[in-house]
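Enquirer: Input data.pdb, format and content: PDB, C-alpha atoms, pLDDT in the B column.
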```
ATOM      1  CA  MET A  13      -2.815-162.056 168.501  1.00 34.00           C
ATOM      2  CA  PRO A  14      -3.739-165.442 166.973  1.00 39.00           C
ATOM      3  CA  ARG A  15      -7.340-166.499 167.124  1.00 41.00           C
ATOM      4  CA  ARG A  16      -8.148-168.994 169.828  1.00 41.00           C
ATOM      5  CA  PRO A  17     -10.291-171.876 168.630  1.00 46.00           C
ATOM      6  CA  PRO A  18     -12.745-173.999 170.627  1.00 42.00           C
ATOM      7  CA  PRO A  19     -10.540-176.608 172.338  1.00 37.00           C
ATOM      8  CA  GLN A  20     -12.843-179.422 171.207  1.00 41.00           C
ATOM      9  CA  VAL A  21     -12.158-178.625 167.570  1.00 43.00           C
ATOM     10  CA  ARG A  22      -8.658-177.322 167.113  1.00 39.00           C
ATOM     11  CA  ARG A  23      -5.415-178.720 168.445  1.00 38.00           C
ATOM     12  CA  GLY A  24      -1.849-178.819 167.204  1.00 41.00           C
ATOM     13  CA  ARG A  25      -0.032-181.926 166.097  1.00 39.00           C
ATOM     14  CA  ASP A  26       1.875-182.145 169.354  1.00 35.00           C
ATOM     15  CA  GLY A  27      -1.256-181.785 171.501  1.00 36.00           C
ATOM     16  CA  GLY A  28      -1.510-185.193 173.097  1.00 35.00           C
ATOM     17  CA  GLY A  29       0.600-186.759 170.388  1.00 40.00           C
ATOM     18  CA  GLY A  30       3.736-187.134 172.411  1.00 44.00           C
ATOM     19  CA  GLY A  31       5.755-184.102 173.464  1.00 53.00           C
ATOM     20  CA  GLY A  32       9.508-183.809 173.811  1.00 71.00           C
ATOM     21  CA  ARG A  33      12.199-184.512 171.287  1.00 81.00           C
ATOM     22  CA  SER A  34      12.055-187.414 168.885  1.00 90.00           C
ATOM     23  CA  ARG A  35      14.539-189.068 166.564  1.00 94.00           C
ATOM     24  CA  LEU A  36      13.846-189.411 162.884  1.00 95.00           C
ATOM     25  CA  TYR A  37      15.838-191.912 160.863  1.00 95.00           C
ATOM     26  CA  GLY A  38      16.195-192.984 157.261  1.00 93.00           C
ATOM     27  CA  ARG A  39      17.225-190.909 154.263  1.00 94.00           C
ATOM     28  CA  HIS A  40      13.804-189.654 153.112  1.00 94.00           C
ATOM     29  CA  ALA A  41      12.542-188.720 156.575  1.00 94.00           C
ATOM     30  CA  VAL A  42      15.754-186.962 157.587  1.00 96.00           C
ATOM     31  CA  MET A  43      16.242-185.079 154.313  1.00 95.00           C
ATOM     32  CA  ALA A  44      12.632-183.851 154.364  1.00 94.00           C
ATOM     33  CA  ALA A  45      13.005-182.640 157.947  1.00 95.00           C
ATOM     34  CA  LEU A  46      16.260-180.847 157.124  1.00 95.00           C
ATOM     35  CA  ALA A  47      14.494-179.080 154.237  1.00 94.00           C
ATOM     36  CA  ASN A  48      11.482-178.037 156.315  1.00 94.00           C
ATOM     37  CA  PRO A  49      11.939-174.477 157.661  1.00 93.00           C
ATOM     38  CA  ALA A  50       9.187-175.094 160.216  1.00 92.00           C
ATOM     39  CA  ARG A  51      11.078-177.997 161.778  1.00 94.00           C
ATOM     40  CA  ARG A  52      13.202-177.279 164.856  1.00 95.00           C
ATOM     41  CA  LEU A  53      16.380-179.304 164.505  1.00 95.00           C
ATOM     42  CA  ARG A  54      18.526-180.350 167.448  1.00 95.00           C
ATOM     43  CA  LYS A  55      21.283-182.707 166.359  1.00 96.00           C
ATOM     44  CA  LEU A  56      22.219-184.830 163.380  1.00 97.00           C
ATOM     45  CA  PHE A  57      23.984-188.164 163.817  1.00 97.00           C
ATOM     46  CA  ALA A  58      25.426-189.552 160.590  1.00 95.00           C
ATOM     47  CA  THR A  59      27.948-191.928 159.134  1.00 95.00           C
ATOM     48  CA  PRO A  60      30.671-190.177 157.091  1.00 95.00           C
ATOM     49  CA  ASP A  61      29.318-191.488 153.771  1.00 94.00           C
ATOM     50  CA  ALA A  62      25.713-190.482 154.544  1.00 94.00           C
ATOM     51  CA  LEU A  63      26.850-187.066 155.735  1.00 93.00           C
ATOM     52  CA  ALA A  64      28.827-186.444 152.549  1.00 91.00           C
ATOM     53  CA  ALA A  65      25.779-187.317 150.444  1.00 92.00           C
ATOM     54  CA  LEU A  66      23.631-184.705 152.215  1.00 91.00           C
ATOM     55  CA  GLY A  67      25.526-181.690 150.979  1.00 84.00           C
ATOM     56  CA  ALA A  68      24.885-178.335 152.651  1.00 89.00           C
ATOM     57  CA  LEU A  69      23.217-178.441 156.072  1.00 92.00           C
ATOM     58  CA  PRO A  70      21.188-175.787 157.917  1.00 92.00           C
ATOM     59  CA  ALA A  71      23.403-173.274 159.647  1.00 90.00           C
ATOM     60  CA  GLY A  72      24.111-173.976 163.298  1.00 91.00           C
ATOM     61  CA  LEU A  73      22.999-177.614 163.256  1.00 94.00           C
ATOM     62  CA  ALA A  74      25.046-179.777 165.602  1.00 95.00           C
ATOM     63  CA  VAL A  75      26.481-182.829 163.840  1.00 95.00           C
ATOM     64  CA  GLN A  76      28.051-185.951 165.304  1.00 95.00           C
ATOM     65  CA  SER A  77      29.703-188.548 163.117  1.00 94.00           C
ATOM     66  CA  GLY A  78      29.727-192.254 163.910  1.00 94.00           C
ATOM     67  CA  ASP A  79      29.590-195.663 162.302  1.00 94.00           C
ATOM     68  CA  ALA A  80      26.433-197.657 161.551  1.00 94.00           C
ATOM     69  CA  ALA A  81      26.632-199.489 164.875  1.00 94.00           C
ATOM     70  CA  ASP A  82      26.817-196.202 166.774  1.00 93.00           C
ATOM     71  CA  LEU A  83      23.655-194.952 165.063  1.00 94.00           C
ATOM     72  CA  ALA A  84      21.865-198.266 165.610  1.00 93.00           C
ATOM     73  CA  ARG A  85      22.083-197.660 169.341  1.00 93.00           C
ATOM     74  CA  LEU A  86      20.065-194.442 168.934  1.00 93.00           C
ATOM     75  CA  VAL A  87      17.012-196.030 167.291  1.00 92.00           C
ATOM     76  CA  PRO A  88      14.770-199.055 167.900  1.00 91.00           C
ATOM     77  CA  ALA A  89      16.287-202.469 167.245  1.00 88.00           C
ATOM     78  CA  ASP A  90      16.637-203.290 163.553  1.00 85.00           C
ATOM     79  CA  ALA A  91      15.402-199.828 162.513  1.00 89.00           C
ATOM     80  CA  PRO A  92      16.833-199.095 159.015  1.00 92.00           C
ATOM     81  CA  HIS A  93      18.523-195.764 159.740  1.00 95.00           C
ATOM     82  CA  GLN A  94      20.522-195.690 156.455  1.00 93.00           C
ATOM     83  CA  GLY A  95      23.313-193.828 158.226  1.00 95.00           C
ATOM     84  CA  LEU A  96      21.169-190.885 159.344  1.00 95.00           C
ATOM     85  CA  VAL A  97      19.460-190.085 162.662  1.00 96.00           C
ATOM     86  CA  LEU A  98      18.083-186.612 163.328  1.00 96.00           C
ATOM     87  CA  GLU A  99      16.990-185.386 166.748  1.00 96.00           C
ATOM     88  CA  VAL A 100      14.112-182.895 166.381  1.00 95.00           C
ATOM     89  CA  GLU A 101      11.310-181.132 168.197  1.00 94.00           C
ATOM     90  CA  PRO A 102       7.770-182.194 167.217  1.00 92.00           C
ATOM     91  CA  LEU A 103       6.094-180.051 164.586  1.00 92.00           C
ATOM     92  CA  GLU A 104       3.587-177.520 165.838  1.00 88.00           C
ATOM     93  CA  GLY A 105       0.838-179.041 163.750  1.00 83.00           C
ATOM     94  CA  ALA A 106      -2.096-177.572 161.859  1.00 92.00           C
ATOM     95  CA  TRP A 107      -5.305-175.994 163.107  1.00 94.00           C
ATOM     96  CA  LEU A 108      -8.481-177.596 161.854  1.00 95.00           C
ATOM     97  CA  GLU A 109     -10.052-174.274 160.951  1.00 94.00           C
ATOM     98  CA  ASP A 110      -7.068-173.484 158.742  1.00 93.00           C
ATOM     99  CA  LEU A 111      -7.537-176.766 156.856  1.00 93.00           C
ATOM    100  CA  LEU A 112     -11.196-175.876 156.335  1.00 94.00           C
ATOM    101  CA  ALA A 113     -10.706-172.237 155.382  1.00 89.00           C
ATOM    102  CA  VAL A 114     -10.787-172.683 151.603  1.00 77.00           C
ATOM    103  CA  PRO A 115     -12.201-176.116 150.669  1.00 80.00           C
ATOM    104  CA  GLU A 116     -11.215-177.261 147.185  1.00 81.00           C
ATOM    105  CA  ALA A 117     -13.080-179.912 145.232  1.00 77.00           C
ATOM    106  CA  GLY A 118      -9.863-181.554 144.084  1.00 80.00           C
ATOM    107  CA  ARG A 119      -8.190-181.692 147.502  1.00 92.00           C
ATOM    108  CA  PRO A 120      -9.784-184.281 149.799  1.00 95.00           C
ATOM    109  CA  LEU A 121      -9.419-184.212 153.561  1.00 97.00           C
ATOM    110  CA  VAL A 122      -8.509-187.442 155.378  1.00 98.00           C
ATOM    111  CA  VAL A 123     -10.055-188.159 158.778  1.00 98.00           C
ATOM    112  CA  LEU A 124      -8.879-191.149 160.821  1.00 97.00           C
ATOM    113  CA  ASP A 125     -11.031-192.656 163.560  1.00 97.00           C
ATOM    114  CA  GLN A 126      -8.682-194.245 166.116  1.00 93.00           C
ATOM    115  CA  VAL A 127      -6.117-195.580 163.650  1.00 95.00           C
ATOM    116  CA  THR A 128      -3.255-196.154 166.066  1.00 94.00           C
ATOM    117  CA  ASP A 129      -0.561-198.005 164.125  1.00 94.00           C
ATOM    118  CA  PRO A 130       2.253-195.553 163.296  1.00 95.00           C
ATOM    119  CA  MET A 131       3.215-197.438 160.143  1.00 95.00           C
ATOM    120  CA  ASN A 132      -0.338-197.164 158.806  1.00 96.00           C
ATOM    121  CA  VAL A 133      -0.617-193.473 159.648  1.00 97.00           C
ATOM    122  CA  GLY A 134       2.777-192.820 158.085  1.00 97.00           C
ATOM    123  CA  ALA A 135       1.731-194.629 154.894  1.00 97.00           C
ATOM    124  CA  ILE A 136      -1.528-192.646 154.833  1.00 98.00           C
ATOM    125  CA  LEU A 137       0.432-189.406 155.114  1.00 98.00           C
ATOM    126  CA  ARG A 138       2.544-190.516 152.162  1.00 97.00           C
ATOM    127  CA  SER A 139      -0.562-191.197 150.056  1.00 97.00           C
ATOM    128  CA  ALA A 140      -2.114-187.911 151.216  1.00 97.00           C
ATOM    129  CA  ALA A 141       0.957-186.059 149.936  1.00 96.00           C
ATOM    130  CA  ALA A 142       1.002-188.024 146.683  1.00 96.00           C
ATOM    131  CA  PHE A 143      -2.626-187.236 145.875  1.00 95.00           C
ATOM    132  CA  GLY A 144      -2.649-183.645 147.086  1.00 94.00           C
ATOM    133  CA  ALA A 145      -4.880-184.025 150.138  1.00 95.00           C
ATOM    134  CA  ALA A 146      -5.726-180.865 152.061  1.00 95.00           C
ATOM    135  CA  GLY A 147      -4.618-182.452 155.328  1.00 96.00           C
ATOM    136  CA  LEU A 148      -5.032-185.160 157.927  1.00 97.00           C
ATOM    137  CA  VAL A 149      -7.345-185.042 160.964  1.00 98.00           C
ATOM    138  CA  THR A 150      -7.037-187.391 163.948  1.00 97.00           C
ATOM    139  CA  GLN A 151      -7.882-187.310 167.613  1.00 93.00           C
ATOM    140  CA  ASP A 152      -5.172-186.181 169.986  1.00 89.00           C
ATOM    141  CA  ARG A 153      -5.701-189.492 171.794  1.00 87.00           C
ATOM    142  CA  HIS A 154      -5.989-192.900 170.104  1.00 86.00           C
ATOM    143  CA  ALA A 155      -3.549-191.795 167.416  1.00 91.00           C
ATOM    144  CA  PRO A 156       0.225-192.262 167.212  1.00 92.00           C
ATOM    145  CA  GLY A 157       2.648-189.553 168.121  1.00 90.00           C
ATOM    146  CA  GLU A 158       5.427-188.274 165.913  1.00 91.00           C
ATOM    147  CA  THR A 159       7.870-191.174 165.949  1.00 92.00           C
ATOM    148  CA  GLY A 160      10.768-192.280 163.822  1.00 93.00           C
ATOM    149  CA  ALA A 161       8.790-195.283 162.569  1.00 93.00           C
ATOM    150  CA  LEU A 162       5.882-193.080 161.482  1.00 95.00           C
ATOM    151  CA  ALA A 163       8.197-190.574 159.799  1.00 95.00           C
ATOM    152  CA  ARG A 164      10.030-193.303 157.894  1.00 93.00           C
ATOM    153  CA  ALA A 165       6.749-194.853 156.695  1.00 95.00           C
ATOM    154  CA  ALA A 166       5.678-191.385 155.563  1.00 96.00           C
ATOM    155  CA  ALA A 167       8.883-191.072 153.484  1.00 94.00           C
ATOM    156  CA  GLY A 168       9.077-187.310 153.967  1.00 94.00           C
ATOM    157  CA  ALA A 169       5.316-186.622 153.888  1.00 96.00           C
ATOM    158  CA  LEU A 170       5.249-185.883 157.628  1.00 96.00           C
ATOM    159  CA  GLU A 171       6.885-182.572 156.743  1.00 96.00           C
ATOM    160  CA  LEU A 172       4.453-181.853 153.894  1.00 95.00           C
ATOM    161  CA  VAL A 173       0.903-182.762 154.944  1.00 96.00           C
ATOM    162  CA  PRO A 174      -0.856-180.536 157.513  1.00 95.00           C
ATOM    163  CA  TRP A 175      -1.973-182.677 160.469  1.00 96.00           C
ATOM    164  CA  ALA A 176      -4.627-181.431 162.869  1.00 96.00           C
ATOM    165  CA  ARG A 177      -5.235-183.277 166.121  1.00 95.00           C
ATOM    166  CA  VAL A 178      -8.646-182.694 167.682  1.00 96.00           C
ATOM    167  CA  THR A 179     -10.025-183.449 171.111  1.00 94.00           C
ATOM    168  CA  ASN A 180     -13.503-184.509 169.938  1.00 95.00           C
ATOM    169  CA  LEU A 181     -13.775-186.160 166.521  1.00 96.00           C
ATOM    170  CA  ALA A 182     -17.572-185.857 166.304  1.00 96.00           C
ATOM    171  CA  ARG A 183     -17.421-182.096 166.834  1.00 97.00           C
ATOM    172  CA  ALA A 184     -14.607-181.853 164.327  1.00 97.00           C
ATOM    173  CA  LEU A 185     -16.757-183.683 161.776  1.00 98.00           C
ATOM    174  CA  ASP A 186     -19.545-181.191 162.434  1.00 97.00           C
ATOM    175  CA  ALA A 187     -17.103-178.354 161.751  1.00 97.00           C
ATOM    176  CA  ILE A 188     -15.948-180.117 158.585  1.00 97.00           C
ATOM    177  CA  ALA A 189     -19.554-180.303 157.353  1.00 96.00           C
ATOM    178  CA  GLU A 190     -20.170-176.641 158.177  1.00 96.00           C
ATOM    179  CA  ALA A 191     -17.136-175.758 156.063  1.00 95.00           C
ATOM    180  CA  GLY A 192     -18.747-177.362 153.002  1.00 94.00           C
ATOM    181  CA  PHE A 193     -17.165-180.830 152.942  1.00 95.00           C
ATOM    182  CA  TRP A 194     -19.215-183.944 152.180  1.00 96.00           C
ATOM    183  CA  ARG A 195     -18.251-186.460 154.881  1.00 98.00           C
ATOM    184  CA  LEU A 196     -17.852-189.899 153.332  1.00 98.00           C
ATOM    185  CA  GLY A 197     -17.144-192.829 155.620  1.00 97.00           C
ATOM    186  CA  LEU A 198     -15.576-196.026 154.313  1.00 96.00           C
ATOM    187  CA  ALA A 199     -17.273-199.230 155.477  1.00 93.00           C
ATOM    188  CA  GLY A 200     -17.039-202.689 153.954  1.00 87.00           C
ATOM    189  CA  GLU A 201     -20.727-203.419 154.465  1.00 87.00           C
ATOM    190  CA  ALA A 202     -21.964-200.271 152.730  1.00 92.00           C
ATOM    191  CA  GLU A 203     -24.166-200.805 149.670  1.00 92.00           C
ATOM    192  CA  THR A 204     -22.863-197.841 147.658  1.00 94.00           C
ATOM    193  CA  LEU A 205     -19.530-197.989 145.862  1.00 95.00           C
ATOM    194  CA  LEU A 206     -17.030-195.242 146.602  1.00 95.00           C
ATOM    195  CA  THR A 207     -16.965-194.039 142.996  1.00 93.00           C
ATOM    196  CA  ASP A 208     -20.753-193.610 143.028  1.00 94.00           C
ATOM    197  CA  ALA A 209     -20.769-191.834 146.391  1.00 95.00           C
ATOM    198  CA  LEU A 210     -18.064-189.247 145.716  1.00 95.00           C
ATOM    199  CA  PRO A 211     -19.470-185.727 145.334  1.00 93.00           C
ATOM    200  CA  ALA A 212     -18.350-183.145 142.813  1.00 89.00           C
ATOM    201  CA  GLY A 213     -17.414-180.764 145.625  1.00 91.00           C
ATOM    202  CA  PRO A 214     -15.070-180.983 148.612  1.00 94.00           C
ATOM    203  CA  VAL A 215     -14.967-184.365 150.341  1.00 96.00           C
ATOM    204  CA  ALA A 216     -13.649-185.636 153.672  1.00 97.00           C
ATOM    205  CA  LEU A 217     -12.721-189.327 153.574  1.00 98.00           C
ATOM    206  CA  VAL A 218     -13.327-190.894 156.983  1.00 98.00           C
ATOM    207  CA  LEU A 219     -11.600-194.192 157.767  1.00 97.00           C
ATOM    208  CA  GLY A 220     -11.639-196.351 160.874  1.00 95.00           C
ATOM    209  CA  ALA A 221      -9.191-198.763 162.403  1.00 89.00           C
ATOM    210  CA  GLU A 222      -8.719-202.217 160.949  1.00 79.00           C
ATOM    211  CA  GLY A 223     -11.098-204.721 162.493  1.00 77.00           C
ATOM    212  CA  GLU A 224     -13.228-202.235 164.436  1.00 81.00           C
ATOM    213  CA  GLY A 225     -13.876-199.898 161.531  1.00 88.00           C
ATOM    214  CA  LEU A 226     -15.741-196.661 162.141  1.00 94.00           C
ATOM    215  CA  ARG A 227     -17.202-196.261 165.614  1.00 94.00           C
ATOM    216  CA  HIS A 228     -20.956-195.821 166.011  1.00 94.00           C
ATOM    217  CA  ASN A 229     -20.663-192.167 166.993  1.00 95.00           C
ATOM    218  CA  THR A 230     -18.430-191.460 164.022  1.00 96.00           C
ATOM    219  CA  ARG A 231     -20.935-193.096 161.661  1.00 96.00           C
ATOM    220  CA  ALA A 232     -23.577-190.775 163.074  1.00 96.00           C
ATOM    221  CA  HIS A 233     -21.485-187.789 161.969  1.00 97.00           C
ATOM    222  CA  VAL A 234     -20.869-188.695 158.319  1.00 97.00           C
ATOM    223  CA  ASP A 235     -23.151-187.916 155.389  1.00 97.00           C
ATOM    224  CA  ALA A 236     -22.854-191.301 153.691  1.00 97.00           C
ATOM    225  CA  LEU A 237     -21.070-194.643 153.824  1.00 97.00           C
ATOM    226  CA  ALA A 238     -19.349-196.237 150.851  1.00 96.00           C
ATOM    227  CA  ARG A 239     -17.238-199.287 150.116  1.00 93.00           C
ATOM    228  CA  LEU A 240     -14.372-200.148 147.839  1.00 93.00           C
ATOM    229  CA  PRO A 241     -15.100-202.638 145.028  1.00 89.00           C
ATOM    230  CA  ILE A 242     -12.862-205.391 146.384  1.00 83.00           C
ATOM    231  CA  SER A 243     -13.247-209.078 145.608  1.00 77.00           C
ATOM    232  CA  ARG A 244     -15.318-211.250 147.919  1.00 77.00           C
ATOM    233  CA  ALA A 245     -12.258-213.479 148.222  1.00 74.00           C
ATOM    234  CA  VAL A 246     -10.653-210.781 150.400  1.00 76.00           C
ATOM    235  CA  GLU A 247     -12.418-209.643 153.560  1.00 72.00           C
ATOM    236  CA  SER A 248     -10.822-206.204 153.750  1.00 76.00           C
ATOM    237  CA  LEU A 249      -7.796-204.089 152.878  1.00 86.00           C
ATOM    238  CA  ASN A 250      -5.184-202.639 155.167  1.00 91.00           C
ATOM    239  CA  VAL A 251      -6.393-199.171 156.188  1.00 95.00           C
ATOM    240  CA  SER A 252      -3.426-197.468 154.553  1.00 96.00           C
ATOM    241  CA  VAL A 253      -4.122-199.274 151.270  1.00 95.00           C
ATOM    242  CA  ALA A 254      -7.813-198.387 151.500  1.00 95.00           C
ATOM    243  CA  ALA A 255      -6.884-194.750 152.099  1.00 97.00           C
ATOM    244  CA  ALA A 256      -4.620-194.721 149.039  1.00 97.00           C
ATOM    245  CA  VAL A 257      -7.361-196.172 146.821  1.00 96.00           C
ATOM    246  CA  ALA A 258      -9.934-193.705 148.179  1.00 96.00           C
ATOM    247  CA  LEU A 259      -7.575-190.760 147.709  1.00 97.00           C
ATOM    248  CA  TYR A 260      -6.884-191.790 144.130  1.00 95.00           C
ATOM    249  CA  ALA A 261     -10.616-192.095 143.422  1.00 95.00           C
ATOM    250  CA  ALA A 262     -11.299-188.700 144.982  1.00 94.00           C
ATOM    251  CA  ARG A 263      -8.452-187.060 143.104  1.00 91.00           C
ATOM    252  CA  THR A 264      -9.425-188.457 139.700  1.00 89.00           C
ATOM    253  CA  ARG A 265     -13.240-188.228 139.927  1.00 82.00           C
ATOM    254  CA  ILE A 266     -15.123-186.716 137.028  1.00 55.00           C
ATOM    255  CA  PRO A 267     -16.966-183.556 138.111  1.00 49.00           C
ATOM    256  CA  ALA A 268     -20.733-183.596 137.755  1.00 42.00           C
ATOM    257  CA  ARG A 269     -21.983-181.950 134.544  1.00 35.00           C
TER     258      ARG A 269
END
```
Hey, can you dump this file as structure tokens for me?
Expert:
Amino acid sequence: MPRRPPPQVRRGRDGGGGGGRSRLYGRHAVMAALANPARRLRKLFATPDALAALGALPAGLAVQSGDAADLARLVPADAPHQGLVLEVEPLEGAWLEDLLAVPEAGRPLVVLDQVTDPMNVGAILRSAAAFGAAGLVTQDRHAPGETGALARAAAGALELVPWARVTNLARALDAIAEAGFWRLGLAGEAETLLTDALPAGPVALVLGAEGEGLRHNTRAHVDALARLPISRAVESLNVSVAAAVALYAARTRIPAR
């Protein structure tokens, strides 16, 4: 029998994130989903050329061939499907306690506070995969579901990065601290630079939505605030860009002697 976690702390990726089937499109997103044994595949729609380029497919997968215009009718207007559309079931998602089980100094955790744009979250997943993050934590509400746009922005990282959705972000941050992570919130008005605030041990990078930033209650559940050393000529960075910079800094920090 699997352990049952407190519902305020542990939820799967599909808990509140949009149930039912979704359609992934674009070469990277579709190929990554086809290669993921945890992904439940329903049907692949492909142009003949795109299908030939895929090579061997999972056994039993239903395939329907069509031209580019046929596939365009399956996805949002102007979505760049690149000749591939894959109907799938949402991933089960990660449990927060599993992400926290063995904290590693070199593998930061990313926590998003009401970042709702699917393109931004997808780009953050891509950076999280690139820099070896331990996983992504969001609320089950005020966060995008698993959509084709998010998967395409993630360029395959949706299938690679564990994503835990939680009911209560403040309680999740408490659990993250109890597991040994230093909770570092990014805020433009902070006095300390990110590179000076990064610990030698495990770190959770906490980022808020563009404009609003971190909510008051979220700020009350981090250990410190830090800022990126950006020019005064620019007010702020896109949250996905800020996440990439923070992940790079966390991944390349020099351990304390």
Enquirer: Under the rule of at most 8 Å, produce a per-residue listing of segment 107-152 of chain A near segment 187-194 of chain A: chain, number, name, the closest pair of atoms, and the distance in Å, as CSV, using only C-alpha atoms.
Expert:
```
residue,atom,partner,partner_atom,distance
A:Leu112,CA,A:Ala191,CA,5.9
A:Ala113,CA,A:Ala191,CA,7.4
A:Pro115,CA,A:Gly192,CA,7.1
```
Enquirer: When the PyMOL selection byres ((chain A and resi 171) around 12) is applied to the structure above, which residues does it catch, written out as a PDB file with C-alpha atoms, in the coordinates of the input?
Expert:
```
ATOM      1  CA  ARG A  25      -0.032-181.926 166.097  1.00 39.00           C
ATOM      2  CA  LEU A  36      13.846-189.411 162.884  1.00 95.00           C
ATOM      3  CA  HIS A  40      13.804-189.654 153.112  1.00 94.00           C
ATOM      4  CA  ALA A  41      12.542-188.720 156.575  1.00 94.00           C
ATOM      5  CA  VAL A  42      15.754-186.962 157.587  1.00 96.00           C
ATOM      6  CA  MET A  43      16.242-185.079 154.313  1.00 95.00           C
ATOM      7  CA  ALA A  44      12.632-183.851 154.364  1.00 94.00           C
ATOM      8  CA  ALA A  45      13.005-182.640 157.947  1.00 95.00           C
ATOM      9  CA  LEU A  46      16.260-180.847 157.124  1.00 95.00           C
ATOM     10  CA  ALA A  47      14.494-179.080 154.237  1.00 94.00           C
ATOM     11  CA  ASN A  48      11.482-178.037 156.315  1.00 94.00           C
ATOM     12  CA  PRO A  49      11.939-174.477 157.661  1.00 93.00           C
ATOM     13  CA  ALA A  50       9.187-175.094 160.216  1.00 92.00           C
ATOM     14  CA  ARG A  51      11.078-177.997 161.778  1.00 94.00           C
ATOM     15  CA  ARG A  52      13.202-177.279 164.856  1.00 95.00           C
ATOM     16  CA  PRO A 102       7.770-182.194 167.217  1.00 92.00           C
ATOM     17  CA  LEU A 103       6.094-180.051 164.586  1.00 92.00           C
ATOM     18  CA  GLU A 104       3.587-177.520 165.838  1.00 88.00           C
ATOM     19  CA  GLY A 105       0.838-179.041 163.750  1.00 83.00           C
ATOM     20  CA  ALA A 106      -2.096-177.572 161.859  1.00 92.00           C
ATOM     21  CA  GLY A 134       2.777-192.820 158.085  1.00 97.00           C
ATOM     22  CA  LEU A 137       0.432-189.406 155.114  1.00 98.00           C
ATOM     23  CA  ARG A 138       2.544-190.516 152.162  1.00 97.00           C
ATOM     24  CA  ALA A 140      -2.114-187.911 151.216  1.00 97.00           C
ATOM     25  CA  ALA A 141       0.957-186.059 149.936  1.00 96.00           C
ATOM     26  CA  GLY A 147      -4.618-182.452 155.328  1.00 96.00           C
ATOM     27  CA  GLU A 158       5.427-188.274 165.913  1.00 91.00           C
ATOM     28  CA  LEU A 162       5.882-193.080 161.482  1.00 95.00           C
ATOM     29  CA  ALA A 163       8.197-190.574 159.799  1.00 95.00           C
ATOM     30  CA  ARG A 164      10.030-193.303 157.894  1.00 93.00           C
ATOM     31  CA  ALA A 166       5.678-191.385 155.563  1.00 96.00           C
ATOM     32  CA  ALA A 167       8.883-191.072 153.484  1.00 94.00           C
ATOM     33  CA  GLY A 168       9.077-187.310 153.967  1.00 94.00           C
ATOM     34  CA  ALA A 169       5.316-186.622 153.888  1.00 96.00           C
ATOM     35  CA  LEU A 170       5.249-185.883 157.628  1.00 96.00           C
ATOM     36  CA  LEU A 172       4.453-181.853 153.894  1.00 95.00           C
ATOM     37  CA  VAL A 173       0.903-182.762 154.944  1.00 96.00           C
ATOM     38  CA  PRO A 174      -0.856-180.536 157.513  1.00 95.00           C
ATOM     39  CA  TRP A 175      -1.973-182.677 160.469  1.00 96.00           C
TER      40      TRP A 175
END
```
Enquirer: Hey, can you check how far atom CA of Gly223 of chain A sits from atom CA of Leu111 of chain A?
Expert: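 Result for atom CA of Gly223 of chain A versus atom CA of Leu111 of chain A: 28.7 Å, one decimal.
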Enquirer: What does the distance between atom CA of Leu148 of chain A and atom CA of Ala221 of chain A come to in Å, to one decimal place?
Expert: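 That distance, rounded to one decimal, is 14.9 Å.
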Enquirer: To one decimal place in Å, what is the distance between atom CA of Arg35 of chain A and atom CA of Pro92 of chain A?
Expert: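 Answer for the atom CA of Arg35 of chain A to atom CA of Pro92 of chain A separation: 12.8 Å.
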Enquirer: List the spatial neighbours of segment 117-132 of chain A as a PyMOL selection string - criterion: any atom at most 7 Å away, only C-alpha atoms, same-chain residues fewer than 6 positions off excluded.
Expert: chain A and resi 144-150+154-156+161-162+165+212-221+226+251-252+262-263
Enquirer: Just say which residues the PyMOL selection byres ((chain A and resi 33) around 9) picks in this file, as a PyMOL selection string.
Expert: chain A and resi 30-32+34-35+54+99-102
Enquirer: Here is a test: counting only C-alpha atoms, which residue of A:Asp61, A:Glu222, A:Glu109, A:Asp235 is nearest to Leu196 of chain A?
Expert: A:Asp235
Enquirer: Can you turn the PyMOL selection byres ((chain A and resi 56) around 9) into a concrete residue list for this file, as a count of residues only?
Expert: 16
Enquirer: List the spatial neighbours of Ala209 of chain A as number ranges by chain - criterion: any atom at most 10 Å away, all atoms listed in the file, same-chain residues fewer than 6 positions off excluded.
Expert: A: 194, 196-197, 236-239
